[in-house]
Each structure stands twice: as C-alpha cells, then as structure tokens.
Amino acid sequence: MTGTAVICLGETMAQIGPADGTPLEHSEALRLAVAGAESTVAQYLADLGHRAAWVSRVGDDPFGRRVVRAVASRGVDVGGVLVDPDAPTGVYFKDPGPDGTRVHYYRAGSAASRMSVADADRVELHGVRLLHLTGITPALSDGCAALVRTVMERARRGGTLVSFDVNHRAALWASSKEAAATLHDLARLADLVLVGRDEAEVLWGTRTADDVRRLLGGSRTLVVKDGDVGVTEFGPDSTHFVAAPAVDVVEVVGAGDAFAAGYLGGLLDGAAPRERLALGHRLAGRTLRSIEDYVPVTDGS
C-alpha cells in the first residue's frame, strides 16, 4: 500500500438483482454485480485521482474472485484483501418495488464477518492520510467490531484522519439498543462523522441536525445528510449548508456512499466546505439516477 492516501475497510459482496428492474418474485432474468459501502467509496476516490486501498476478506469462490477483480479494475489497491478458504463470500439480493428497493442479505458466516483484531496488521497506516470505515462492519460480528475500534484507535494515535459513516443497517444488529450504543461510541472516536438525519433519529432520538451536533459534541467535523433537503457540515469553527439539487430518482441504494466519496475527495483536495459538500451531491446524484450502486466517474465530476 505504498503511497496510499486512503484505506477503506469493510465487506463487499456479490449483488444479485433483476435485470429489468421488476420485483424479484416476477423477474425472469437476474444480473450479477458487486457492491459494498467501503469498496464503493474506494472506487470513487480512485476515479477522482486519489490512491485508495480496500482491506477485507473474501471467500475462495467465484464470487470472491469476481469482487476482488471488479474493485481492482477501478485502480484500487486490493493487496490487503485476504482470501479465506473456510468461509464464503457474502451475497445480497436487491428487490425493486413500488415503495422502493428492499435488500435481502445472505452474509451470515461470510469470510468478511470472520475478520478480527488479527486483521488489523493488514491495515498499514504509515503515511496514510485517511482511514474510512462505516457502521456496517461492527454489526457483522464481535470480531469485526473489535477490529474497527482497534484500527480507529491506531489511526488516531498515528495522526491519520478517521472518517466514520454511521450507515445504520437495522437488520444486521441484534437490537436497536446495541446499535445505538455501539455506533455512538464509534462516532465519538472519529475525527469526521457522516450520518443521515433520519438514521440519527432512529438510533438516538435526535430530530434535527443541530440535535445530532449536540449529541456527538467535541471538536470533530460532523456531516448531517437530510435527504432531498440538503447537507450540513458542522466544523470546529463554522457551519455550512448546501441544498440538495433536484434529481429524478431511479433508486437510492448506494447514494450515501457516493456522497461520502465525493465529500472525502474534496476534503483530500483541500476544497472549501461548500465545495466538498457540492461534490458529494454531484456523485450522489449519479447514483440516484441509476440502478447501480457505483457509477464510474469518467468526466471528473
């Protein structure tokens, strides 16, 4: 990972969904893709010209090989991905419907869920500017939760900026109480936190972006996303809001990861707060207009 600017750690799975966008129970043809919050961010950052690495585990199976090949093809360093011969690559299904897309996970016991503190040594932080994690990983297993906390603490001690996207997935947690406590504690460890206003309300009972700021406190930078309203960045000394541009939404899955990548890309480039918020909106808009979780950036926008 020599020269890496960003490391993203987390699970990527094989993604299966209807080729024609119809509900699963009626679809006659399925398509296979790959998707994972952290590797999606890494791919977008590579598109934006940053040296990004993805660290994870995959199974020794066709899905795992496809996942690694797809992520590497976008210029992401996959040298930190371990192939586990004793566990499968996770799989999930997208199920489009009139009320939105539902997601069905088949990831219990997956290779990535078997990550633990022992995997921390593959997260080589020397010279790395940014470590990006999400709240999905600690939900996968106790070992994954311990790994996330360990690498966050190591990064902060070594001067690497820690970015944490709360990314609450209720179906992955044993209880809402556990999710709320764990994600709050991890957010307090990060230098930069991204969270949706709606997910913060579900987790912690906060109603406004200002409420979230009061809850998390401290000197960290906080980015609160409020759907089609806009996004607020609370910095140590200033607050900035950028309204969400109008978008003809096809599907919302993946838009949060695209926003995170755009925002982080702007941050790494030294962009002003409003500029990096706007870049986050632009990348999110690409995903919102597509059925794909990741829409390659080919024009620098």
# chains A, B, ... in the order shown; residues from 1 in each chain; ligands from 1
>>> select_by_dssp(residues="region 158-247 of chain A", states="strand (DSSP E or B)", output="JSON, numbers by chain")
{"A": [161, 162, 163, 164, 165, 192, 193, 194, 195, 196, 221, 222, 223, 224, 225, 226, 230, 231, 232, 233, 234, 239, 240, 241, 242, 243]}
>>> residues_around(residues="region 211-219 of chain A", least_positions_apart="3", cutoff="6 Å", atoms="only C-alpha atoms", output="PyMOL selection string")
chain A and resi 206+208+236
>>> write_last_selection(atoms="N, CA, C and O atoms", output="mmCIF file, in the first residue's frame")
data_model
loop_
_atom_site.group_PDB
_atom_site.id
_atom_site.type_symbol
_atom_site.label_atom_id
_atom_site.label_comp_id
_atom_site.auth_asym_id
_atom_site.auth_seq_id
_atom_site.Cartn_x
_atom_site.Cartn_y
_atom_site.Cartn_z
ATOM 1 N N THR A 206 -32.708 11.934 18.013
ATOM 2 C CA THR A 206 -32.488 13.323 17.616
ATOM 3 C C THR A 206 -33.412 13.662 16.450
ATOM 4 O O THR A 206 -33.718 12.823 15.614
ATOM 5 N N THR A 208 -33.198 16.999 14.637
ATOM 6 C CA THR A 208 -32.605 17.972 13.723
ATOM 7 C C THR A 208 -31.096 17.770 13.640
ATOM 8 O O THR A 208 -30.495 17.082 14.472
ATOM 9 N N PRO A 236 -15.317 22.652 13.440
ATOM 10 C CA PRO A 236 -14.960 23.154 14.771
ATOM 11 C C PRO A 236 -15.314 24.631 14.960
ATOM 12 O O PRO A 236 -15.668 25.043 16.066
#
>>> residues_around(residues="Ala260 (chain A)", least_positions_apart="6", cutoff="8 Å", atoms="only C-alpha atoms", output="list of chain:residue names")
A:Val41, A:Asp165, A:Leu194, A:Gly280
>>> write_last_selection(atoms="C-alpha atoms", output="CSV table (one decimal), in the first residue's frame")
chain,number,residue,atom,x,y,z
A,41,VAL,CA,-16.1,4.8,-1.6
A,165,ASP,CA,-20.1,6.8,8.1
A,194,LEU,CA,-21.2,11.3,8.3
A,280,GLY,CA,-20.8,14.9,-2.6
>>> residues_around(residues="Cys8 (chain A)", least_positions_apart="2", cutoff="8 Å", atoms="only C-alpha atoms", output="PyMOL selection string")
chain A and resi 6+10+38-39+41-42+52-55+131-133
>>> atom_distance(atom1="CA of Thr134 (chain A)", atom2="CA of Ala155 (chain A)")
14.8 Å
>>> closest_residue(among="A:Leu48, A:Ala111, A:Ala118, A:Val252", to="Phe63 (chain A)", atoms="only C-alpha atoms")
A:Ala111
>>> select_by_dssp(residues="region 52-164 of chain A", states="alpha helix (DSSP H)", output="VMD selection string")
chain A and resid 62 to 72 137 to 140 142 to 158
>>> residues_around(residues="Gly143 (chain A)", least_positions_apart="5", cutoff="8 Å", atoms="only C-alpha atoms", output="mmCIF file with C-alpha atoms, in the first residue's frame")
data_model
loop_
_atom_site.group_PDB
_atom_site.id
_atom_site.type_symbol
_atom_site.label_atom_id
_atom_site.label_comp_id
_atom_site.auth_asym_id
_atom_site.auth_seq_id
_atom_site.Cartn_x
_atom_site.Cartn_y
_atom_site.Cartn_z
ATOM 1 C CA SER A 113 -17.688 -11.423 9.075
ATOM 2 C CA ARG A 114 -14.759 -13.518 10.356
ATOM 3 C CA MET A 115 -12.436 -10.514 10.453
ATOM 4 C CA SER A 116 -10.985 -9.745 13.865
ATOM 5 C CA VAL A 117 -8.259 -7.760 15.603
ATOM 6 C CA PRO A 138 -19.093 -3.626 13.507
#
>>> residues_around(residues="Tyr92 (chain A)", least_positions_apart="3", cutoff="7 Å", atoms="only C-alpha atoms", output="mmCIF file with all heavy atoms, in the first residue's frame")
data_model
loop_
_atom_site.group_PDB
_atom_site.id
_atom_site.type_symbol
_atom_site.label_atom_id
_atom_site.label_comp_id
_atom_site.auth_asym_id
_atom_site.auth_seq_id
_atom_site.Cartn_x
_atom_site.Cartn_y
_atom_site.Cartn_z
ATOM 1 N N MET A 13 -19.765 -7.629 -1.231
ATOM 2 C CA MET A 13 -20.487 -8.865 -1.539
ATOM 3 C C MET A 13 -20.836 -8.953 -3.021
ATOM 4 O O MET A 13 -20.779 -7.967 -3.749
ATOM 5 C CB MET A 13 -21.785 -8.911 -0.720
ATOM 6 C CG MET A 13 -21.569 -8.974 0.770
ATOM 7 S SD MET A 13 -23.141 -8.807 1.667
ATOM 8 C CE MET A 13 -23.469 -7.066 1.396
ATOM 9 N N ALA A 14 -21.205 -10.149 -3.411
ATOM 10 C CA ALA A 14 -21.840 -10.314 -4.708
ATOM 11 C C ALA A 14 -23.262 -9.779 -4.593
ATOM 12 O O ALA A 14 -23.958 -10.033 -3.613
ATOM 13 C CB ALA A 14 -21.858 -11.786 -5.109
ATOM 14 N N GLN A 15 -23.668 -9.013 -5.579
ATOM 15 C CA GLN A 15 -25.008 -8.415 -5.582
ATOM 16 C C GLN A 15 -25.811 -9.003 -6.736
ATOM 17 O O GLN A 15 -25.356 -9.013 -7.879
ATOM 18 C CB GLN A 15 -24.910 -6.899 -5.744
ATOM 19 C CG GLN A 15 -26.237 -6.180 -5.822
ATOM 20 C CD GLN A 15 -26.094 -4.825 -6.489
ATOM 21 O OE1 GLN A 15 -26.193 -4.699 -7.700
ATOM 22 N NE2 GLN A 15 -25.835 -3.806 -5.687
ATOM 23 N N ILE A 16 -26.990 -9.494 -6.431
ATOM 24 C CA ILE A 16 -27.853 -10.099 -7.444
ATOM 25 C C ILE A 16 -29.178 -9.344 -7.466
ATOM 26 O O ILE A 16 -29.773 -9.084 -6.418
ATOM 27 C CB ILE A 16 -28.088 -11.595 -7.150
ATOM 28 C CG1 ILE A 16 -26.752 -12.344 -7.152
ATOM 29 C CG2 ILE A 16 -29.046 -12.209 -8.173
ATOM 30 C CD1 ILE A 16 -26.839 -13.774 -6.670
ATOM 31 N N VAL A 103 -33.593 -4.879 0.366
ATOM 32 C CA VAL A 103 -32.343 -5.624 0.259
ATOM 33 C C VAL A 103 -32.427 -6.853 1.150
ATOM 34 O O VAL A 103 -32.819 -6.759 2.322
ATOM 35 C CB VAL A 103 -31.142 -4.745 0.652
ATOM 36 C CG1 VAL A 103 -29.867 -5.556 0.637
ATOM 37 C CG2 VAL A 103 -31.020 -3.553 -0.296
ATOM 38 N N HIS A 104 -32.067 -8.010 0.604
ATOM 39 C CA HIS A 104 -32.081 -9.270 1.344
ATOM 40 C C HIS A 104 -30.646 -9.794 1.442
ATOM 41 O O HIS A 104 -30.028 -10.114 0.423
ATOM 42 C CB HIS A 104 -32.969 -10.297 0.637
ATOM 43 C CG HIS A 104 -34.366 -9.811 0.392
ATOM 44 N ND1 HIS A 104 -35.355 -9.908 1.338
ATOM 45 C CD2 HIS A 104 -34.921 -9.211 -0.693
ATOM 46 C CE1 HIS A 104 -36.478 -9.403 0.848
ATOM 47 N NE2 HIS A 104 -36.240 -8.973 -0.376
ATOM 48 N N TYR A 105 -30.135 -9.868 2.676
ATOM 49 C CA TYR A 105 -28.752 -10.266 2.896
ATOM 50 C C TYR A 105 -28.621 -11.766 3.141
ATOM 51 O O TYR A 105 -29.417 -12.362 3.863
ATOM 52 C CB TYR A 105 -28.175 -9.548 4.120
ATOM 53 C CG TYR A 105 -28.056 -8.056 3.994
ATOM 54 C CD1 TYR A 105 -28.825 -7.215 4.782
ATOM 55 C CD2 TYR A 105 -27.151 -7.488 3.107
ATOM 56 C CE1 TYR A 105 -28.708 -5.831 4.689
ATOM 57 C CE2 TYR A 105 -27.026 -6.109 3.003
ATOM 58 C CZ TYR A 105 -27.814 -5.293 3.792
ATOM 59 O OH TYR A 105 -27.699 -3.936 3.695
ATOM 60 N N TYR A 106 -27.576 -12.346 2.554
ATOM 61 C CA TYR A 106 -27.158 -13.716 2.849
ATOM 62 C C TYR A 106 -25.657 -13.668 3.121
ATOM 63 O O TYR A 106 -24.842 -14.068 2.309
ATOM 64 C CB TYR A 106 -27.507 -14.652 1.680
ATOM 65 C CG TYR A 106 -28.993 -14.769 1.471
ATOM 66 C CD1 TYR A 106 -29.683 -13.835 0.706
ATOM 67 C CD2 TYR A 106 -29.715 -15.795 2.070
ATOM 68 C CE1 TYR A 106 -31.062 -13.916 0.546
ATOM 69 C CE2 TYR A 106 -31.094 -15.891 1.912
ATOM 70 C CZ TYR A 106 -31.759 -14.944 1.152
ATOM 71 O OH TYR A 106 -33.119 -15.031 1.003
#
>>> atom_distance(atom1="CA of Glu251 (chain A)", atom2="CA of Val67 (chain A)")
22.0 Å
>>> residues_around(residues="Arg154 (chain A)", least_positions_apart="6", cutoff="10 Å", atoms="only C-alpha atoms", output="list in words")
Ala120, Val123, Leu125, Thr160 and Val162 of chain A
>>> atom_distance(atom1="CA of Asp86 (chain A)", atom2="CA of Gly17 (chain A)")
26.3 Å
>>> closest_residue(among="A:Trp173, A:Thr12, A:Asp119, A:Pro18", to="Thr150 (chain A)", atoms="only C-alpha atoms")
A:Asp119
>>> closest_residue(among="A:Leu186, A:Leu140, A:Leu268, A:Val202", to="Gly109 (chain A)", atoms="only C-alpha atoms")
A:Leu140
>>> decode(residues="region 144-185 of chain A", atoms="N, CA and C atoms", output="PDB file, in the first residue's frame")
ATOM      1  N   CYS A 144     -15.420  -8.270  14.181  1.00  0.00           N
ATOM      2  CA  CYS A 144     -15.397  -7.093  13.303  1.00  0.00           C
ATOM      3  C   CYS A 144     -15.500  -5.810  14.119  1.00  0.00           C
ATOM      4  N   ALA A 145     -16.350  -5.825  15.143  1.00  0.00           N
ATOM      5  CA  ALA A 145     -16.483  -4.642  15.991  1.00  0.00           C
ATOM      6  C   ALA A 145     -15.172  -4.315  16.690  1.00  0.00           C
ATOM      7  N   ALA A 146     -14.487  -5.344  17.182  1.00  0.00           N
ATOM      8  CA  ALA A 146     -13.208  -5.127  17.848  1.00  0.00           C
ATOM      9  C   ALA A 146     -12.162  -4.619  16.865  1.00  0.00           C
ATOM     10  N   LEU A 147     -12.197  -5.131  15.637  1.00  0.00           N
ATOM     11  CA  LEU A 147     -11.262  -4.677  14.609  1.00  0.00           C
ATOM     12  C   LEU A 147     -11.463  -3.202  14.295  1.00  0.00           C
ATOM     13  N   VAL A 148     -12.706  -2.795  14.113  1.00  0.00           N
ATOM     14  CA  VAL A 148     -12.988  -1.399  13.794  1.00  0.00           C
ATOM     15  C   VAL A 148     -12.470  -0.477  14.891  1.00  0.00           C
ATOM     16  N   ARG A 149     -12.756  -0.817  16.131  1.00  0.00           N
ATOM     17  CA  ARG A 149     -12.298   0.025  17.240  1.00  0.00           C
ATOM     18  C   ARG A 149     -10.768   0.074  17.284  1.00  0.00           C
ATOM     19  N   THR A 150     -10.125  -1.052  17.067  1.00  0.00           N
ATOM     20  CA  THR A 150      -8.663  -1.115  17.126  1.00  0.00           C
ATOM     21  C   THR A 150      -8.016  -0.250  16.065  1.00  0.00           C
ATOM     22  N   VAL A 151      -8.481  -0.361  14.830  1.00  0.00           N
ATOM     23  CA  VAL A 151      -7.845   0.417  13.762  1.00  0.00           C
ATOM     24  C   VAL A 151      -8.154   1.902  13.903  1.00  0.00           C
ATOM     25  N   MET A 152      -9.334   2.244  14.421  1.00  0.00           N
ATOM     26  CA  MET A 152      -9.635   3.656  14.665  1.00  0.00           C
ATOM     27  C   MET A 152      -8.682   4.236  15.703  1.00  0.00           C
ATOM     28  N   GLU A 153      -8.462   3.491  16.770  1.00  0.00           N
ATOM     29  CA  GLU A 153      -7.568   3.981  17.822  1.00  0.00           C
ATOM     30  C   GLU A 153      -6.130   4.083  17.328  1.00  0.00           C
ATOM     31  N   ARG A 154      -5.691   3.101  16.552  1.00  0.00           N
ATOM     32  CA  ARG A 154      -4.331   3.152  15.998  1.00  0.00           C
ATOM     33  C   ARG A 154      -4.167   4.343  15.052  1.00  0.00           C
ATOM     34  N   ALA A 155      -5.175   4.565  14.215  1.00  0.00           N
ATOM     35  CA  ALA A 155      -5.101   5.668  13.256  1.00  0.00           C
ATOM     36  C   ALA A 155      -4.995   7.006  13.977  1.00  0.00           C
ATOM     37  N   ARG A 156      -5.793   7.190  14.984  1.00  0.00           N
ATOM     38  CA  ARG A 156      -5.765   8.463  15.703  1.00  0.00           C
ATOM     39  C   ARG A 156      -4.434   8.677  16.409  1.00  0.00           C
ATOM     40  N   ARG A 157      -3.882   7.593  16.979  1.00  0.00           N
ATOM     41  CA  ARG A 157      -2.573   7.732  17.630  1.00  0.00           C
ATOM     42  C   ARG A 157      -1.493   8.088  16.612  1.00  0.00           C
ATOM     43  N   GLY A 158      -1.625   7.584  15.394  1.00  0.00           N
ATOM     44  CA  GLY A 158      -0.612   7.820  14.376  1.00  0.00           C
ATOM     45  C   GLY A 158      -0.833   9.061  13.537  1.00  0.00           C
ATOM     46  N   GLY A 159      -1.893   9.798  13.809  1.00  0.00           N
ATOM     47  CA  GLY A 159      -2.129  11.046  13.088  1.00  0.00           C
ATOM     48  C   GLY A 159      -2.888  10.891  11.781  1.00  0.00           C
ATOM     49  N   THR A 160      -3.468   9.707  11.526  1.00  0.00           N
ATOM     50  CA  THR A 160      -4.296   9.505  10.333  1.00  0.00           C
ATOM     51  C   THR A 160      -5.724   9.953  10.636  1.00  0.00           C
ATOM     52  N   LEU A 161      -6.297  10.736   9.755  1.00  0.00           N
ATOM     53  CA  LEU A 161      -7.666  11.204   9.925  1.00  0.00           C
ATOM     54  C   LEU A 161      -8.624  10.018   9.828  1.00  0.00           C
ATOM     55  N   VAL A 162      -9.566   9.925  10.769  1.00  0.00           N
ATOM     56  CA  VAL A 162     -10.529   8.825  10.786  1.00  0.00           C
ATOM     57  C   VAL A 162     -11.903   9.331  10.372  1.00  0.00           C
ATOM     58  N   SER A 163     -12.428   8.737   9.295  1.00  0.00           N
ATOM     59  CA  SER A 163     -13.765   9.055   8.796  1.00  0.00           C
ATOM     60  C   SER A 163     -14.688   7.884   9.109  1.00  0.00           C
ATOM     61  N   PHE A 164     -15.874   8.190   9.665  1.00  0.00           N
ATOM     62  CA  PHE A 164     -16.830   7.150  10.040  1.00  0.00           C
ATOM     63  C   PHE A 164     -18.219   7.523   9.529  1.00  0.00           C
ATOM     64  N   ASP A 165     -18.734   6.686   8.616  1.00  0.00           N
ATOM     65  CA  ASP A 165     -20.096   6.848   8.117  1.00  0.00           C
ATOM     66  C   ASP A 165     -20.986   5.918   8.928  1.00  0.00           C
ATOM     67  N   VAL A 166     -21.936   6.461   9.659  1.00  0.00           N
ATOM     68  CA  VAL A 166     -22.756   5.665  10.576  1.00  0.00           C
ATOM     69  C   VAL A 166     -23.466   4.521   9.857  1.00  0.00           C
ATOM     70  N   ASN A 167     -24.054   4.777   8.707  1.00  0.00           N
ATOM     71  CA  ASN A 167     -24.570   3.732   7.819  1.00  0.00           C
ATOM     72  C   ASN A 167     -25.316   2.628   8.586  1.00  0.00           C
ATOM     73  N   HIS A 168     -26.326   3.008   9.318  1.00  0.00           N
ATOM     74  CA  HIS A 168     -27.071   2.067  10.158  1.00  0.00           C
ATOM     75  C   HIS A 168     -27.881   1.094   9.312  1.00  0.00           C
ATOM     76  N   ARG A 169     -27.666  -0.203   9.515  1.00  0.00           N
ATOM     77  CA  ARG A 169     -28.429  -1.254   8.854  1.00  0.00           C
ATOM     78  C   ARG A 169     -29.111  -2.076   9.945  1.00  0.00           C
ATOM     79  N   ALA A 170     -30.367  -1.759  10.240  1.00  0.00           N
ATOM     80  CA  ALA A 170     -31.066  -2.349  11.385  1.00  0.00           C
ATOM     81  C   ALA A 170     -31.087  -3.872  11.343  1.00  0.00           C
ATOM     82  N   ALA A 171     -31.200  -4.443  10.147  1.00  0.00           N
ATOM     83  CA  ALA A 171     -31.310  -5.900  10.022  1.00  0.00           C
ATOM     84  C   ALA A 171     -30.055  -6.632  10.474  1.00  0.00           C
ATOM     85  N   LEU A 172     -28.929  -5.930  10.558  1.00  0.00           N
ATOM     86  CA  LEU A 172     -27.673  -6.577  10.915  1.00  0.00           C
ATOM     87  C   LEU A 172     -27.417  -6.604  12.421  1.00  0.00           C
ATOM     88  N   TRP A 173     -28.203  -5.851  13.178  1.00  0.00           N
ATOM     89  CA  TRP A 173     -27.947  -5.728  14.610  1.00  0.00           C
ATOM     90  C   TRP A 173     -28.887  -6.616  15.416  1.00  0.00           C
ATOM     91  N   ALA A 174     -28.398  -7.104  16.555  1.00  0.00           N
ATOM     92  CA  ALA A 174     -29.218  -7.939  17.429  1.00  0.00           C
ATOM     93  C   ALA A 174     -30.350  -7.137  18.052  1.00  0.00           C
ATOM     94  N   SER A 175     -30.105  -5.848  18.314  1.00  0.00           N
ATOM     95  CA  SER A 175     -31.133  -4.995  18.891  1.00  0.00           C
ATOM     96  C   SER A 175     -30.843  -3.543  18.548  1.00  0.00           C
ATOM     97  N   SER A 176     -31.880  -2.728  18.597  1.00  0.00           N
ATOM     98  CA  SER A 176     -31.705  -1.296  18.338  1.00  0.00           C
ATOM     99  C   SER A 176     -30.873  -0.642  19.435  1.00  0.00           C
ATOM    100  N   LYS A 177     -30.987  -1.158  20.658  1.00  0.00           N
ATOM    101  CA  LYS A 177     -30.208  -0.609  21.772  1.00  0.00           C
ATOM    102  C   LYS A 177     -28.720  -0.831  21.552  1.00  0.00           C
ATOM    103  N   GLU A 178     -28.362  -2.042  21.119  1.00  0.00           N
ATOM    104  CA  GLU A 178     -26.955  -2.337  20.848  1.00  0.00           C
ATOM    105  C   GLU A 178     -26.425  -1.456  19.727  1.00  0.00           C
ATOM    106  N   ALA A 179     -27.202  -1.312  18.660  1.00  0.00           N
ATOM    107  CA  ALA A 179     -26.782  -0.486  17.533  1.00  0.00           C
ATOM    108  C   ALA A 179     -26.552   0.953  17.976  1.00  0.00           C
ATOM    109  N   ALA A 180     -27.489   1.502  18.738  1.00  0.00           N
ATOM    110  CA  ALA A 180     -27.391   2.892  19.163  1.00  0.00           C
ATOM    111  C   ALA A 180     -26.137   3.129  19.998  1.00  0.00           C
ATOM    112  N   ALA A 181     -25.880   2.236  20.952  1.00  0.00           N
ATOM    113  CA  ALA A 181     -24.729   2.417  21.838  1.00  0.00           C
ATOM    114  C   ALA A 181     -23.410   2.252  21.093  1.00  0.00           C
ATOM    115  N   THR A 182     -23.311   1.199  20.288  1.00  0.00           N
ATOM    116  CA  THR A 182     -22.052   0.926  19.583  1.00  0.00           C
ATOM    117  C   THR A 182     -21.735   2.023  18.576  1.00  0.00           C
ATOM    118  N   LEU A 183     -22.723   2.418  17.785  1.00  0.00           N
ATOM    119  CA  LEU A 183     -22.476   3.423  16.756  1.00  0.00           C
ATOM    120  C   LEU A 183     -22.197   4.792  17.367  1.00  0.00           C
ATOM    121  N   HIS A 184     -22.802   5.094  18.494  1.00  0.00           N
ATOM    122  CA  HIS A 184     -22.495   6.344  19.189  1.00  0.00           C
ATOM    123  C   HIS A 184     -21.047   6.343  19.668  1.00  0.00           C
ATOM    124  N   ASP A 185     -20.618   5.242  20.280  1.00  0.00           N
ATOM    125  CA  ASP A 185     -19.246   5.164  20.783  1.00  0.00           C
ATOM    126  C   ASP A 185     -18.222   5.277  19.662  1.00  0.00           C
TER     127      ASP A 185
END
